[in-house]
>>> print(open('query_32.txt').read())   # compact mmCIF, C-alpha atoms
# COMPACT_ATOMS: atom_id res chain seq x y z
CA MET V 1 167.38 52.65 207.55
CA HIS V 2 170.51 54.26 208.88
CA ALA V 3 172.86 56.85 207.36
CA LEU V 4 176.39 57.58 208.52
CA ILE V 5 177.21 61.21 207.68
CA ILE V 6 180.94 61.89 207.43
CA ASP V 7 182.05 65.49 207.10
CA ASP V 8 184.41 67.68 209.11
CA SER V 9 181.89 70.53 208.89
CA ARG V 10 179.23 70.38 211.57
CA THR V 11 177.17 72.71 209.38
CA MET V 12 177.25 70.32 206.45
CA ARG V 13 176.47 67.35 208.69
CA SER V 14 173.48 69.27 209.99
CA ILE V 15 172.25 70.04 206.45
CA LEU V 16 172.61 66.40 205.36
CA ARG V 17 171.03 65.15 208.58
CA ARG V 18 167.93 67.27 207.94
CA ILE V 19 167.60 65.87 204.41
CA VAL V 20 167.97 62.18 205.28
CA THR V 21 165.94 62.44 208.48
CA GLU V 22 163.06 63.75 206.35
CA LEU V 23 163.43 60.56 204.33
CA GLY V 24 163.02 58.47 207.46
CA PHE V 25 166.66 57.64 208.14
CA GLU V 26 168.27 57.45 211.53
CA THR V 27 171.68 59.07 211.49
CA THR V 28 175.12 58.83 213.02
CA GLU V 29 177.77 61.48 212.40
CA ALA V 30 181.54 61.42 212.10
CA GLY V 31 183.96 64.32 211.64
CA ASN V 32 186.49 62.39 209.57
CA GLY V 33 187.13 59.03 207.96
CA GLN V 34 188.86 57.54 210.98
CA GLU V 35 185.98 58.40 213.27
CA ALA V 36 183.62 56.83 210.74
CA LEU V 37 185.73 53.66 210.58
CA ASP V 38 185.64 53.53 214.37
CA HIS V 39 181.84 53.56 214.22
CA LEU V 40 181.86 50.67 211.74
CA GLU V 41 184.40 48.73 213.81
CA SER V 42 182.20 49.14 216.84
CA GLY V 43 179.32 47.44 215.05
CA LEU V 44 177.38 50.21 213.33
CA THR V 45 175.90 48.88 210.09
CA PRO V 46 174.61 51.85 208.10
CA ASP V 47 172.71 51.40 204.87
CA ILE V 48 174.54 54.37 203.40
CA CYS V 49 177.56 56.53 204.15
CA LEU V 50 177.53 60.14 202.89
CA ILE V 51 181.20 61.06 202.62
CA ASP V 52 183.06 64.32 202.23
CA TRP V 53 186.46 64.17 200.51
CA ASN V 54 188.65 66.72 202.30
CA MET V 55 188.81 66.00 206.01
CA PRO V 56 191.57 65.95 208.60
CA LEU V 57 193.01 62.65 209.91
CA MET V 58 191.48 60.49 207.19
CA ASP V 59 189.98 61.80 203.96
CA GLY V 60 186.89 60.42 202.29
CA TYR V 61 188.74 58.67 199.49
CA THR V 62 190.87 56.72 201.97
CA PHE V 63 187.73 55.84 203.91
CA VAL V 64 186.13 54.42 200.75
CA THR V 65 189.19 52.29 199.97
CA ARG V 66 189.32 51.00 203.57
CA VAL V 67 185.63 50.10 203.60
CA ARG V 68 185.77 48.40 200.23
CA ALA V 69 188.79 46.35 201.30
CA ASP V 70 186.81 44.79 204.15
CA GLU V 71 184.21 42.12 203.44
CA ARG V 72 182.25 42.99 206.57
CA TRP V 73 181.03 46.20 204.98
CA ARG V 74 180.45 45.05 201.42
CA ASN V 75 176.72 45.86 201.61
CA VAL V 76 177.20 49.43 202.74
CA THR V 77 176.36 51.95 200.03
CA LEU V 78 178.93 54.73 199.69
CA MET V 79 178.07 58.16 198.33
CA MET V 80 180.63 60.94 198.04
CA VAL V 81 179.26 64.42 198.83
CA THR V 82 182.08 66.84 198.14
CA THR V 83 183.29 70.02 196.46
CA GLU V 84 185.90 67.96 194.60
CA SER V 85 184.52 68.05 191.08
CA GLU V 86 187.51 67.25 188.88
CA HIS V 87 186.75 64.43 186.49
CA GLY V 88 189.85 62.50 187.60
CA GLN V 89 188.76 62.57 191.23
CA ILE V 90 185.23 61.44 190.44
CA VAL V 91 186.63 58.53 188.42
CA ARG V 92 189.05 57.65 191.26
CA ALA V 93 186.30 57.60 193.85
CA LEU V 94 183.94 55.52 191.74
CA ALA V 95 186.75 53.11 190.82
CA ALA V 96 187.58 52.74 194.52
CA GLY V 97 184.03 51.64 195.20
CA ALA V 98 181.86 54.70 195.76
CA HIS V 99 178.40 54.10 194.29
CA GLU V 100 177.41 57.70 193.72
CA TYR V 101 179.00 61.14 193.64
CA VAL V 102 177.28 64.42 194.53
CA ILE V 103 179.07 67.74 194.10
CA LYS V 104 178.54 70.55 196.62
CA PRO V 105 176.64 72.79 196.45
CA PHE V 106 173.64 70.53 196.06
CA THR V 107 169.91 70.82 196.54
CA PRO V 108 168.01 68.40 198.76
CA ASP V 109 166.40 67.04 195.59
CA ALA V 110 169.81 66.07 194.22
CA ILE V 111 170.52 63.93 197.29
CA ILE V 112 167.02 62.43 197.26
CA GLU V 113 167.29 61.61 193.56
CA LYS V 114 170.59 59.78 194.06
CA MET V 115 169.16 57.83 196.98
CA GLU V 116 166.18 56.85 194.84
CA LEU V 117 168.55 55.65 192.12
CA LEU V 118 170.40 53.60 194.72
CA GLY V 119 167.13 52.02 195.81
CA LEU V 120 167.36 53.42 199.32
CA VAL V 121 164.28 55.58 198.95
CA ALA V 122 161.08 54.75 197.11
CA GLN V 123 160.86 56.66 193.85
CA GLU V 124 158.05 59.15 193.58
CA VAL V 125 155.49 58.00 191.05
CA PRO V 126 154.22 60.88 188.88
CA ALA V 127 150.51 61.52 189.43
CA MET A 1 181.38 78.12 182.18
CA THR A 2 184.70 77.62 180.43
CA VAL A 3 188.05 76.32 181.58
CA THR A 4 190.61 79.13 181.53
CA MET A 5 193.91 79.98 183.19
CA GLU A 6 192.34 82.70 185.32
CA PRO A 7 188.79 82.79 186.60
CA SER A 8 186.59 85.44 185.06
CA LEU A 9 184.42 87.67 187.21
CA GLY A 10 181.36 86.15 185.59
CA ASP A 11 182.39 82.60 186.42
CA VAL A 12 183.25 83.44 190.02
CA HIS A 13 179.94 85.24 190.36
CA ALA A 14 178.10 82.21 188.96
CA VAL A 15 179.80 79.96 191.51
CA VAL A 16 178.96 82.29 194.40
CA GLU A 17 175.34 82.59 193.24
CA GLU A 18 175.01 78.82 193.03
CA VAL A 19 176.40 78.29 196.54
CA TRP A 20 174.19 81.03 197.95
CA SER A 21 171.04 79.84 196.21
CA SER A 22 171.62 76.22 197.25
CA PHE A 23 172.25 76.82 200.93
CA LEU A 24 171.09 80.34 201.74
CA GLY A 25 167.81 80.53 199.86
CA ALA A 26 167.14 81.20 196.20
CA GLU A 27 164.46 83.68 197.23
CA ASP A 28 167.08 85.88 198.85
CA PRO A 29 169.71 86.28 196.11
CA ILE A 30 173.23 87.62 196.49
CA LEU A 31 173.51 90.63 194.18
CA PRO A 32 176.34 92.70 192.74
CA LEU A 33 176.93 95.99 194.53
CA PRO A 34 176.57 98.81 192.00
CA THR A 35 179.30 100.75 193.81
CA PRO A 36 181.92 98.79 195.75
CA MET A 37 182.21 99.95 199.33
CA PRO A 38 184.95 99.23 201.83
CA MET A 39 184.18 96.54 204.37
CA PRO A 40 183.57 98.03 207.80
CA PRO A 41 186.15 97.17 210.46
CA GLY A 42 185.80 93.81 212.14
CA GLY A 43 183.75 91.24 210.29
CA TRP A 44 184.75 87.71 209.38
CA SER A 45 187.02 86.25 206.71
CA ALA A 46 187.18 82.69 205.42
CA ALA A 47 189.98 81.59 203.11
CA ILE A 48 190.99 78.44 201.32
CA THR A 49 194.10 77.66 199.34
CA VAL A 50 194.26 75.84 196.02
CA SER A 51 197.56 74.28 195.05
CA GLY A 52 198.76 72.14 192.18
CA GLY A 53 197.97 72.83 188.54
CA TRP A 54 196.53 76.17 189.62
CA ASP A 55 197.63 78.04 192.76
CA ALA A 56 195.35 80.53 194.44
CA GLN A 57 193.77 81.76 197.62
CA VAL A 58 190.01 82.28 197.60
CA THR A 59 188.61 84.49 200.35
CA VAL A 60 185.08 85.39 201.40
CA GLN A 61 184.64 88.42 203.67
CA LEU A 62 181.46 89.23 205.55
CA THR A 63 180.37 91.79 208.11
CA ASP A 64 179.51 90.59 211.60
CA PRO A 65 175.75 90.66 210.88
CA GLY A 66 176.30 89.06 207.47
CA ALA A 67 178.31 86.23 209.01
CA VAL A 68 175.59 85.62 211.58
CA HIS A 69 172.86 85.64 208.87
CA VAL A 70 174.83 83.05 206.88
CA THR A 71 175.42 80.84 209.91
CA SER A 72 171.89 80.93 211.27
CA THR A 73 170.49 80.18 207.80
CA MET A 74 172.82 77.25 207.16
CA LEU A 75 172.34 75.79 210.62
CA MET A 76 168.65 76.71 210.76
CA CYS A 77 169.05 78.19 214.21
CA SER A 78 168.23 81.59 215.64
CA GLU A 79 170.84 84.32 215.23
CA GLU A 80 171.03 84.70 219.02
CA ASP A 81 172.08 81.06 219.33
CA CYS A 82 175.03 81.32 216.88
CA THR A 83 178.36 80.93 218.64
CA ASP A 84 181.77 81.89 217.25
CA GLU A 85 182.40 78.18 216.78
CA ASP A 86 179.24 77.94 214.66
CA LEU A 87 180.40 80.91 212.57
CA ARG A 88 183.83 79.37 211.99
CA ASP A 89 182.28 76.09 210.89
CA ALA A 90 179.60 77.56 208.60
CA LEU A 91 181.92 80.11 206.96
CA GLY A 92 184.56 77.40 206.51
CA GLU A 93 182.07 75.24 204.63
CA LEU A 94 180.95 78.25 202.59
CA VAL A 95 184.48 79.09 201.39
CA ASN A 96 185.16 75.38 200.85
CA MET A 97 182.28 75.24 198.36
CA VAL A 98 183.16 78.54 196.69
CA GLY A 99 186.86 77.67 196.45
CA GLY A 100 186.23 74.10 195.34
CA ASN A 101 183.95 75.16 192.54
CA ILE A 102 186.29 77.92 191.36
CA LYS A 103 189.08 75.33 191.34
CA SER A 104 186.98 73.14 189.05
CA LEU A 105 186.96 75.94 186.47
CA MET A 106 190.71 75.95 186.21
CA ALA A 107 192.99 73.76 184.15
CA GLY A 108 195.14 71.17 185.87
CA ALA A 109 194.66 68.95 188.89
CA ALA A 110 194.84 70.81 192.16
CA VAL A 111 194.03 70.19 195.80
CA LEU A 112 192.12 72.29 198.30
CA SER A 113 193.42 73.07 201.76
CA LEU A 114 191.20 72.91 204.79
CA PRO A 115 189.54 76.32 205.30
CA LEU A 116 190.91 79.02 207.55
CA VAL A 117 188.33 81.26 209.24
CA GLY A 118 188.93 84.23 211.47
CA HIS A 119 187.46 87.40 212.85
CA GLY A 120 188.83 90.33 210.85
CA ASP A 121 191.03 90.12 207.78
CA ILE A 122 192.99 87.12 206.56
CA SER A 123 195.80 88.68 204.58
CA PRO A 124 196.86 86.71 201.53
CA GLY A 125 200.54 85.87 201.24
CA SER A 126 202.59 88.91 200.23
CA HIS A 127 203.60 87.09 197.04
CA LEU A 128 199.99 86.86 195.87
CA LEU A 129 198.18 89.32 193.62
CA GLU A 130 194.46 89.99 193.56
CA VAL A 131 193.17 88.79 190.18
CA CYS A 132 189.46 88.86 190.89
CA ARG A 133 187.25 90.78 193.30
CA LEU A 134 183.48 90.62 193.57
CA ASP A 135 181.64 93.21 195.63
CA LEU A 136 178.24 91.82 196.46
CA THR A 137 175.39 92.36 198.85
CA TRP A 138 173.17 89.87 200.65
CA ARG A 139 170.35 90.86 202.99
CA GLY A 140 171.68 94.41 202.91
CA GLU A 141 175.17 93.46 204.07
CA PRO A 142 178.29 93.67 201.88
CA VAL A 143 180.04 90.44 200.88
CA VAL A 144 183.44 90.46 199.20
CA VAL A 145 184.89 87.47 197.34
CA THR A 146 188.49 87.69 196.17
CA VAL A 147 190.86 85.41 194.31
CA HIS A 148 194.61 85.90 194.72
CA THR A 149 197.23 84.10 192.65
CA PRO A 150 201.01 84.23 192.35
CA PRO A 151 202.28 86.71 189.76
CA PRO A 152 202.99 85.29 186.32
CA PRO A 153 206.61 84.25 185.82
CA ALA A 154 208.82 87.08 184.57
CA VAL A 155 209.62 86.94 180.86
CA ALA A 156 213.35 87.03 180.17
>>> encode(input="query_32.txt", output="structure tokens")
Amino acid sequence: MHALIIDDSRTMRSILRRIVTELGFETTEAGNGQEALDHLESGLTPDICLIDWNMPLMDGYTFVTRVRADERWRNVTLMMVTTESEHGQIVRALAAGAHEYVIKPFTPDAIIEKMELLGLVAQEVPA
Amino acid sequence: MTVTMEPSLGDVHAVVEEVWSSFLGAEDPILPLPTPMPMPPGGWSAAITVSGGWDAQVTVQLTDPGAVHVTSTMLMCSEEDCTDEDLRDALGELVNMVGGNIKSLMAGAAVLSLPLVGHGDISPGSHLLEVCRLDLTWRGEPVVVTVHTPPPPAVA
């Protein structure tokens, strides 16, 4: 499994990388939406993209619309991970094709839970 | 938390506590300072601007050691390894989360700027007034969070 982590903050990419690496994912990182699109254009096929909203050059919302407009990437799961928590923005992102939405700050469990819901991680069975 | 036209101290404190406990360790809480004290010279400031339905500048100020503690904790690296570039990045993300979550408390759609981080003070625009100030302490170092907004329109 492969995760593409898209955030202009190296710190946040590092935090997300630690979480998904623990789950067994390989990772690629991008500092903005354009850099992430470049990775996809060059043949990267991630199972999931973790996407910040506010980034220079290309924001996360634009990235989602660009990915969803291209059939080549229809199987890529898109999860917003952002401080943008206004209801209207959440609705916009989900309507544009994001599958899940996580608001910063988050705990590792919040990310893991969403990935379980998306079927990317096996759900823990209570003992 | 409630949606109001101006953030309350309690709401801003709740936001800061949530950010700190999520990324800097719930076992090491950020606490109110019983007596506010001036920030020592130097230190780091991180600011972010909110514009739209609500206009404001949110600023987080830390001492040099406080900024290094934050950065090494977020990046999980040793304090000796933290570069100024690391500090700018980590403090930028910190104020992004604080500012973004304060924005969500306010009425009206608004957008966040990209964060601005610098060594020393980041003075708010001269047209802005301080409407909220939290004096806190984390790992023995003072932390100041302020919210500045434009003055209310004059009543004729």
>>> residues_near_point(input="query_32.txt", point="(183.9, 81.0, 197.6)", cutoff="6 Å", atoms="all atoms listed in the file", output="count of residues only")
4
>>> closest_residue(input="query_32.txt", among="V:Ala69, V:Leu4, V:Leu94, V:Val76", to="Asp38 in chain V", atoms="all atoms listed in the file")
V:Leu4
>>> interface_residues(input="query_32.txt", of="chain A", to="chain V", cutoff="6 Å", atoms="all atoms listed in the file", output="number ranges by chain")
A: 19, 22, 75, 89-90, 97, 100, 104
>>> residues_around(input="query_32.txt", residues="Leu50 in chain V", least_positions_apart="5", cutoff="8 Å", atoms="all atoms listed in the file", output="list in words")
Ala3, Leu4, Ile5, Ile6, Leu78, Met79, Met80 and Val81 of chain V
>>> closest_residue(input="query_32.txt", among="V:Gly97, V:Thr45, V:Asp109, V:Glu116", to="Arg66 in chain V", atoms="all atoms listed in the file")
V:Gly97
>>> residues_around(input="query_32.txt", residues="Gly119 in chain V", least_positions_apart="5", cutoff="12 Å", atoms="all atoms listed in the file", output="number ranges by chain")
V: 1, 47-48, 77, 99-100, 112-114, 124
>>> axis_aligned_box(input="query_32.txt", around="range 63-66 of chain V", padding_each_side="5 Å", output="JSON")
{"center_x": 187.7, "center_y": 53.4, "center_z": 201.9, "size_x": 13.2, "size_y": 14.8, "size_z": 13.9}
>>> atom_distance(input="query_32.txt", atom1="CA of Val64 in chain V", atom2="CA of Asp52 in chain V")
10.5 Å
>>> residues_around(input="query_32.txt", residues="range 34-36 of chain A", least_positions_apart="4", cutoff="9 Å", atoms="all atoms listed in the file", output="list in words")
Leu134, Asp135, Leu136 and Pro142 of chain A
>>> closest_residue(input="query_32.txt", among="V:Cys49, V:Asp7, V:Trp73, V:Ile90", to="Glu93 in chain A", atoms="all atoms listed in the file")
V:Asp7
>>> residues_around(input="query_32.txt", residues="Asp121 in chain A", least_positions_apart="5", cutoff="12 Å", atoms="all atoms listed in the file", output="VMD selection string")
chain A and resid 39 to 47 59 to 63 116 144
>>> build_atoms(input="query_32.txt", residues="range 129-140 of chain A", atoms="all heavy atoms", output="CSV table (one decimal), in the frame of the given file")
chain,number,residue,atom,x,y,z
A,129,LEU,N,198.8,88.1,194.2
A,129,LEU,CA,198.2,89.3,193.6
A,129,LEU,C,196.7,89.1,193.5
A,129,LEU,O,196.3,88.0,193.1
A,129,LEU,CB,198.7,89.6,192.2
A,129,LEU,CG,200.2,89.8,192.1
A,129,LEU,CD1,200.6,90.0,190.6
A,129,LEU,CD2,200.6,91.1,192.8
A,130,GLU,N,195.9,90.1,193.7
A,130,GLU,CA,194.5,90.0,193.6
A,130,GLU,C,194.2,90.0,192.1
A,130,GLU,O,194.5,90.9,191.3
A,130,GLU,CB,193.7,91.2,194.2
A,130,GLU,CG,192.2,91.1,194.2
A,130,GLU,CD,191.6,92.2,194.9
A,130,GLU,OE1,191.7,92.3,196.1
A,130,GLU,OE2,191.0,93.1,194.2
A,131,VAL,N,193.5,88.9,191.6
A,131,VAL,CA,193.2,88.8,190.2
A,131,VAL,C,191.7,88.9,190.0
A,131,VAL,O,191.2,89.0,188.8
A,131,VAL,CB,193.7,87.5,189.5
A,131,VAL,CG1,195.2,87.5,189.5
A,131,VAL,CG2,193.2,86.2,190.2
A,132,CYS,N,190.9,88.8,191.0
A,132,CYS,CA,189.5,88.9,190.9
A,132,CYS,C,188.9,89.3,192.2
A,132,CYS,O,189.3,88.9,193.3
A,132,CYS,CB,189.0,87.4,190.6
A,132,CYS,SG,187.2,87.3,190.4
A,133,ARG,N,187.9,90.3,192.1
A,133,ARG,CA,187.2,90.8,193.3
A,133,ARG,C,185.8,91.0,193.0
A,133,ARG,O,185.5,91.7,192.0
A,133,ARG,CB,187.9,92.1,193.8
A,133,ARG,CG,187.1,92.7,195.0
A,133,ARG,CD,187.7,94.1,195.4
A,133,ARG,NE,186.8,94.7,196.4
A,133,ARG,CZ,187.1,94.9,197.6
A,133,ARG,NH1,188.3,94.4,198.1
A,133,ARG,NH2,186.3,95.4,198.5
A,134,LEU,N,184.9,90.4,193.7
A,134,LEU,CA,183.5,90.6,193.6
A,134,LEU,C,183.0,91.4,194.8
A,134,LEU,O,183.2,90.9,195.9
A,134,LEU,CB,182.8,89.3,193.5
A,134,LEU,CG,182.8,88.5,192.2
A,134,LEU,CD1,182.0,87.2,192.5
A,134,LEU,CD2,182.1,89.2,191.1
A,135,ASP,N,182.3,92.5,194.6
A,135,ASP,CA,181.6,93.2,195.6
A,135,ASP,C,180.1,92.9,195.5
A,135,ASP,O,179.5,93.3,194.5
A,135,ASP,CB,181.9,94.7,195.5
A,135,ASP,CG,183.4,95.0,195.9
A,135,ASP,OD1,184.2,95.0,195.1
A,135,ASP,OD2,183.6,95.3,197.1
A,136,LEU,N,179.6,92.3,196.5
A,136,LEU,CA,178.2,91.8,196.5
A,136,LEU,C,177.5,92.3,197.7
A,136,LEU,O,178.1,92.8,198.6
A,136,LEU,CB,178.2,90.3,196.4
A,136,LEU,CG,179.1,89.6,195.3
A,136,LEU,CD1,179.4,88.2,195.7
A,136,LEU,CD2,178.4,89.7,194.0
A,137,THR,N,176.2,92.1,197.7
A,137,THR,CA,175.4,92.4,198.8
A,137,THR,C,174.4,91.3,199.0
A,137,THR,O,173.8,90.7,198.1
A,137,THR,CB,174.7,93.7,198.7
A,137,THR,OG1,173.9,94.0,199.9
A,137,THR,CG2,173.8,93.8,197.5
A,138,TRP,N,174.2,90.9,200.3
A,138,TRP,CA,173.2,89.9,200.6
A,138,TRP,C,172.5,90.3,201.9
A,138,TRP,O,173.1,90.6,202.9
A,138,TRP,CB,173.9,88.5,200.8
A,138,TRP,CG,172.9,87.4,201.1
A,138,TRP,CD1,171.9,86.9,200.3
A,138,TRP,CD2,172.8,86.6,202.3
A,138,TRP,NE1,171.2,85.9,200.9
A,138,TRP,CE2,171.7,85.7,202.2
A,138,TRP,CE3,173.5,86.6,203.5
A,138,TRP,CZ2,171.3,84.8,203.1
A,138,TRP,CZ3,173.1,85.7,204.5
A,138,TRP,CH2,172.0,84.8,204.3
A,139,ARG,N,171.2,90.4,201.9
A,139,ARG,CA,170.4,90.9,203.0
A,139,ARG,C,170.9,92.2,203.5
A,139,ARG,O,171.0,92.4,204.7
A,139,ARG,CB,170.3,89.8,204.1
A,139,ARG,CG,169.6,88.6,203.8
A,139,ARG,CD,169.3,87.8,205.0
A,139,ARG,NE,168.8,86.5,204.8
A,139,ARG,CZ,168.7,85.5,205.7
A,139,ARG,NH1,168.9,85.8,207.0
A,139,ARG,NH2,168.2,84.4,205.4
A,140,GLY,N,171.3,93.1,202.6
A,140,GLY,CA,171.7,94.4,202.9
A,140,GLY,C,173.1,94.5,203.5
A,140,GLY,O,173.5,95.6,203.8
